[in-house]
>>> print(open('data19.tsv').read())   # TSV, C-alpha atoms
chain	number	residue	atom	x	y	z
I	1350	LEU	CA	-50.48	-31.02	33.15
I	1351	SER	CA	-50.19	-28.80	36.19
I	1352	LEU	CA	-47.10	-28.61	38.35
I	1353	PRO	CA	-47.01	-27.45	42.00
I	1354	MET	CA	-44.82	-24.44	41.26
I	1355	ALA	CA	-44.44	-23.34	44.89
I	1356	THR	CA	-43.06	-26.78	45.75
I	1357	LEU	CA	-40.74	-26.99	42.73
I	1358	SER	CA	-39.47	-23.42	42.55
I	1359	LEU	CA	-37.95	-20.63	44.58
I	1360	SER	CA	-39.75	-17.38	43.83
I	1361	GLU	CA	-41.08	-14.26	45.48
I	1362	GLU	CA	-44.38	-16.11	45.84
I	1363	SER	CA	-42.93	-19.36	47.19
I	1364	VAL	CA	-40.86	-17.62	49.84
I	1365	PHE	CA	-44.12	-16.54	51.50
I	1366	GLU	CA	-45.63	-20.02	51.11
I	1367	HIS	CA	-42.57	-21.52	52.81
I	1368	ALA	CA	-42.79	-18.96	55.62
I	1369	GLN	CA	-44.54	-21.14	58.17
I	1370	ARG	CA	-43.44	-19.23	61.23
I	1371	ASP	CA	-45.24	-15.95	61.95
I	1372	SER	CA	-41.94	-14.18	62.66
I	1373	LEU	CA	-40.57	-15.14	59.22
I	1374	GLN	CA	-43.76	-14.02	57.49
I	1375	ARG	CA	-43.59	-10.70	59.36
I	1376	CYS	CA	-39.91	-10.23	58.45
I	1377	LEU	CA	-40.47	-10.94	54.77
I	1378	GLU	CA	-43.39	-8.53	54.67
I	1379	ALA	CA	-41.12	-5.91	56.26
I	1380	VAL	CA	-38.54	-6.53	53.53
I	1381	MET	CA	-41.21	-6.00	50.88
I	1382	GLU	CA	-42.64	-2.88	52.48
I	1383	GLN	CA	-39.49	-1.18	53.73
I	1384	TYR	CA	-37.39	-1.67	50.65
I	1385	ALA	CA	-40.12	-1.89	47.99
I	1386	PHE	CA	-38.46	-4.90	46.35
I	1387	THR	CA	-40.27	-6.51	43.47
I	1388	SER	CA	-39.42	-9.09	40.85
I	1389	HIS	CA	-38.24	-6.14	38.76
I	1390	THR	CA	-35.43	-5.19	41.16
I	1391	PRO	CA	-32.48	-4.42	38.83
I	1392	HIS	CA	-30.01	-6.96	40.15
I	1393	GLY	CA	-32.00	-10.07	40.98
I	1394	ASP	CA	-34.93	-10.59	43.25
I	1395	PRO	CA	-33.74	-10.25	46.87
I	1396	LEU	CA	-36.57	-12.42	48.19
I	1397	ILE	CA	-35.31	-15.39	46.19
I	1398	ALA	CA	-31.80	-14.72	47.49
I	1399	ILE	CA	-33.15	-14.56	51.04
I	1400	GLN	CA	-35.01	-17.84	50.52
I	1401	LEU	CA	-31.82	-19.50	49.25
I	1402	LEU	CA	-30.05	-18.41	52.43
I	1403	LEU	CA	-32.94	-19.57	54.62
I	1404	GLU	CA	-32.76	-22.99	52.95
I	1405	LEU	CA	-28.96	-22.99	53.37
I	1406	ALA	CA	-29.38	-22.29	57.10
I	1407	ASP	CA	-31.85	-25.17	57.54
I	1408	PRO	CA	-30.03	-28.53	57.85
I	1409	SER	CA	-33.29	-30.40	57.14
I	1410	SER	CA	-34.19	-28.34	54.07
I	1411	SER	CA	-35.68	-30.32	51.19
I	1412	TRP	CA	-33.62	-28.03	48.94
I	1413	ARG	CA	-30.28	-29.49	50.16
I	1414	PRO	CA	-29.64	-31.58	46.99
I	1415	TYR	CA	-30.18	-28.49	44.80
I	1416	LEU	CA	-28.01	-26.30	47.02
I	1417	ALA	CA	-25.26	-28.92	46.88
I	1418	VAL	CA	-24.97	-28.70	43.07
I	1419	LEU	CA	-24.88	-24.92	42.89
I	1420	PRO	CA	-21.40	-23.52	42.31
I	1421	PRO	CA	-19.73	-21.95	45.35
I	1422	LEU	CA	-18.97	-18.24	45.38
I	1423	ARG	CA	-15.27	-18.86	44.68
I	1424	ALA	CA	-16.26	-20.52	41.37
I	1425	ALA	CA	-18.56	-17.69	40.28
I	1426	ASP	CA	-17.33	-15.99	37.13
I	1427	ALA	CA	-19.31	-12.75	37.16
I	1428	ALA	CA	-17.12	-9.66	36.86
I	1429	TRP	CA	-18.96	-7.91	39.70
I	1430	LEU	CA	-17.67	-10.64	42.04
I	1431	TRP	CA	-14.02	-10.23	41.07
I	1432	PRO	CA	-11.74	-8.41	43.51
I	1433	GLU	CA	-11.83	-4.71	42.62
I	1434	ALA	CA	-8.13	-4.70	41.69
I	1435	HIS	CA	-8.65	-7.56	39.22
I	1436	ALA	CA	-11.69	-5.90	37.68
I	1437	ALA	CA	-9.72	-2.66	37.27
I	1438	LEU	CA	-6.94	-4.52	35.45
I	1439	LEU	CA	-9.19	-6.56	33.16
I	1440	LEU	CA	-12.15	-4.28	32.46
I	1441	ARG	CA	-12.44	-0.79	31.03
I	1442	GLY	CA	-15.12	1.81	30.46
I	1443	PRO	CA	-18.76	0.68	30.59
I	1444	LEU	CA	-17.93	-2.90	31.59
I	1445	LEU	CA	-15.94	-1.76	34.62
I	1446	ARG	CA	-18.66	0.73	35.60
I	1447	ALA	CA	-21.38	-1.94	35.24
I	1448	ALA	CA	-19.45	-4.40	37.44
I	1449	GLU	CA	-18.87	-1.69	40.06
I	1450	GLU	CA	-22.53	-0.64	39.95
I	1451	ILE	CA	-23.78	-4.19	40.53
I	1452	ARG	CA	-21.24	-4.82	43.32
I	1453	GLU	CA	-22.17	-1.58	45.08
I	1454	SER	CA	-25.91	-2.18	44.62
I	1455	VAL	CA	-25.74	-5.67	46.12
I	1456	GLU	CA	-23.62	-4.41	49.03
I	1457	ARG	CA	-26.03	-1.51	49.72
I	1458	GLU	CA	-28.96	-3.90	49.56
I	1459	PHE	CA	-27.29	-6.27	52.04
I	1460	ARG	CA	-26.41	-3.44	54.45
I	1461	ALA	CA	-30.01	-2.17	54.34
I	1462	LEU	CA	-31.39	-5.66	54.97
I	1463	GLU	CA	-28.85	-6.31	57.74
I	1464	GLU	CA	-29.76	-3.10	59.51
I	1465	GLY	CA	-33.51	-3.19	58.90
I	1466	VAL	CA	-34.36	-6.89	59.09
I	1467	PHE	CA	-31.59	-9.51	59.52
I	1468	GLY	CA	-29.91	-7.87	62.52
I	1469	LYS	CA	-33.25	-7.44	64.31
I	1470	GLU	CA	-34.41	-11.04	63.83
I	1471	ARG	CA	-31.36	-13.28	64.39
I	1472	ALA	CA	-33.58	-16.22	65.35
I	1473	VAL	CA	-34.96	-16.15	61.80
I	1474	PHE	CA	-31.84	-14.91	59.97
I	1475	PRO	CA	-28.77	-16.48	61.65
I	1476	ALA	CA	-25.63	-14.35	61.54
I	1477	SER	CA	-23.56	-17.38	60.48
I	1478	THR	CA	-25.55	-17.67	57.23
I	1479	PHE	CA	-26.72	-14.11	56.55
I	1480	THR	CA	-23.30	-12.65	55.73
I	1481	LEU	CA	-22.25	-10.39	52.86
I	1482	PRO	CA	-20.28	-13.18	51.09
I	1483	ASN	CA	-23.27	-15.55	51.35
I	1484	TYR	CA	-25.63	-12.82	50.19
I	1485	ARG	CA	-23.36	-12.16	47.18
I	1486	TRP	CA	-23.47	-15.89	46.39
I	1487	ALA	CA	-27.26	-16.00	46.64
I	1488	LYS	CA	-27.64	-12.88	44.48
I	1489	HIS	CA	-25.28	-14.38	41.89
I	1490	VAL	CA	-27.36	-17.56	41.80
I	1491	VAL	CA	-30.53	-15.53	41.28
I	1492	MET	CA	-28.98	-13.22	38.68
I	1493	SER	CA	-27.49	-16.10	36.68
I	1494	ARG	CA	-30.21	-18.75	37.01
I	1495	ALA	CA	-33.63	-17.19	37.70
I	1496	TYR	CA	-35.94	-16.22	34.90
I	1497	ALA	CA	-39.53	-15.06	34.34
I	1498	VAL	CA	-41.95	-17.98	34.32
I	1499	GLU	CA	-44.97	-17.41	32.09
I	1500	GLY	CA	-47.15	-19.83	34.04
I	1501	MET	CA	-46.50	-17.74	37.16
I	1502	GLY	CA	-47.49	-14.42	35.62
I	1503	GLY	CA	-43.93	-13.55	34.64
I	1504	LEU	CA	-42.71	-13.89	38.22
I	1505	MET	CA	-38.96	-14.50	38.57
I	1506	ALA	CA	-38.19	-17.99	39.83
I	1507	LEU	CA	-35.47	-20.60	40.18
I	1508	LEU	CA	-36.54	-23.99	38.84
I	1509	PRO	CA	-33.98	-26.63	39.81
I	1510	GLY	CA	-32.75	-28.58	36.80
I	1511	ILE	CA	-34.34	-26.25	34.31
I	1512	ASP	CA	-32.10	-23.41	35.48
I	1513	MET	CA	-29.12	-25.46	34.36
I	1514	ALA	CA	-30.37	-25.54	30.79
I	1515	ASN	CA	-31.29	-21.88	30.35
I	1516	HIS	CA	-29.98	-21.27	26.87
I	1517	GLY	CA	-31.47	-20.43	23.50
I	1518	ALA	CA	-31.91	-23.02	20.76
I	1519	GLY	CA	-29.95	-20.87	18.31
I	1520	VAL	CA	-26.77	-20.62	20.40
I	1521	GLU	CA	-23.65	-21.52	18.43
I	1522	TYR	CA	-20.55	-22.80	20.15
I	1523	GLY	CA	-16.94	-22.17	19.11
>>> encode(input="data19.tsv", output="structure tokens")
Amino acid sequence: LSLPMATLSLSEESVFEHAQRDSLQRCLEAVMEQYAFTSHTPHGDPLIAIQLLLELADPSSSWRPYLAVLPPLRAADAAWLWPEAHAALLLRGPLLRAAEEIRESVEREFRALEEGVFGKERAVFPASTFTLPNYRWAKHVVMSRAYAVEGMGGLMALLPGIDMANHGAGVEYG
């Protein structure tokens, strides 16, 4: 059985396959070249996050049903998304530093993309969608739901439905 992975997944590979407009293809190549992002980027693949936002910006996107079931940013429970004051009250030592590091990394990444790509190509990356809060949401989705797919050479991907069951068989609950 063979599945059309580019049609059923969001990945670094599929973002280029979905890039039908020359300007989008050029922009995504600039992201890859300028920032040297790969599927091994420490805090989630930015190309998958960008693709999520492109799909969010497209009212006719075939990904609308999937986007509709993803939790909104306000419901995200990752410590790096907490307000800094809350994180400082609830976390200590390495956990606090890790949350701060991820938050700062994602914010630096967004600022670099905004300056180098998004801000220069508003027809492709609308300002109403490509915001820091939306980018945080997309990065959280990637960091919490994407995983390496063996059939895609270990490439990180989001597979709707499967990403909602990403747990080990040996997990014990309360």
>>> atom_distance(input="data19.tsv", atom1="atom CA of I:Arg1460", atom2="atom CA of I:Thr1480")
9.8 Å
>>> atom_distance(input="data19.tsv", atom1="atom CA of I:Ala1506", atom2="atom CA of I:Ile1451")
20.0 Å
>>> residues_around(input="data19.tsv", residues="stretch 1418-1429 of chain I", least_positions_apart="4", cutoff="8 Å", atoms="all atoms listed in the file", output="list in words")
Pro1414, Ala1436, Ala1447, Ala1448, Glu1449, Ile1451, Arg1452, Pro1482, Asn1483, Arg1485, Trp1486, His1489 and Val1490 of chain I
>>> residues_around(input="data19.tsv", residues="I:Leu1402", least_positions_apart="3", cutoff="7 Å", atoms="all atoms listed in the file", output="list in words")
Ala1398, Ile1399, Leu1405, Ala1406, Thr1478, Phe1479 and Ala1487 of chain I
>>> closest_residue(input="data19.tsv", among="I:Lys1488, I:Gln1400, I:Pro1475, I:Ala1434", to="I:Ser1454", atoms="all atoms listed in the file")
I:Lys1488
>>> atom_distance(input="data19.tsv", atom1="atom CA of I:Ser1410", atom2="atom CA of I:Val1491")
18.5 Å
>>> residues_around(input="data19.tsv", residues="I:Glu1404", least_positions_apart="6", cutoff="9 Å", atoms="all atoms listed in the file", output="NGL selection string")
:I and (1410-1413 or 1416)
>>> closest_residue(input="data19.tsv", among="I:Phe1459, I:Pro1395, I:Leu1403, I:Leu1440", to="I:Phe1474", atoms="all atoms listed in the file")
I:Leu1403
>>> axis_aligned_box(input="data19.tsv", around="stretch 1456-1464 of chain I", padding_each_side="8 Å", output="AutoDock Vina command-line options")
--center_x -27.5 --center_y -3.9 --center_z 54.3 --size_x 23.8 --size_y 20.8 --size_z 26.5
>>> closest_residue(input="data19.tsv", among="I:Leu1396, I:Leu1430, I:Leu1444, I:Leu1504", to="I:Leu1481", atoms="all atoms listed in the file")
I:Leu1430
>>> closest_residue(input="data19.tsv", among="I:Leu1401, I:Tyr1496, I:Glu1470, I:Val1455", to="I:Ala1417", atoms="only C-alpha atoms")
I:Leu1401
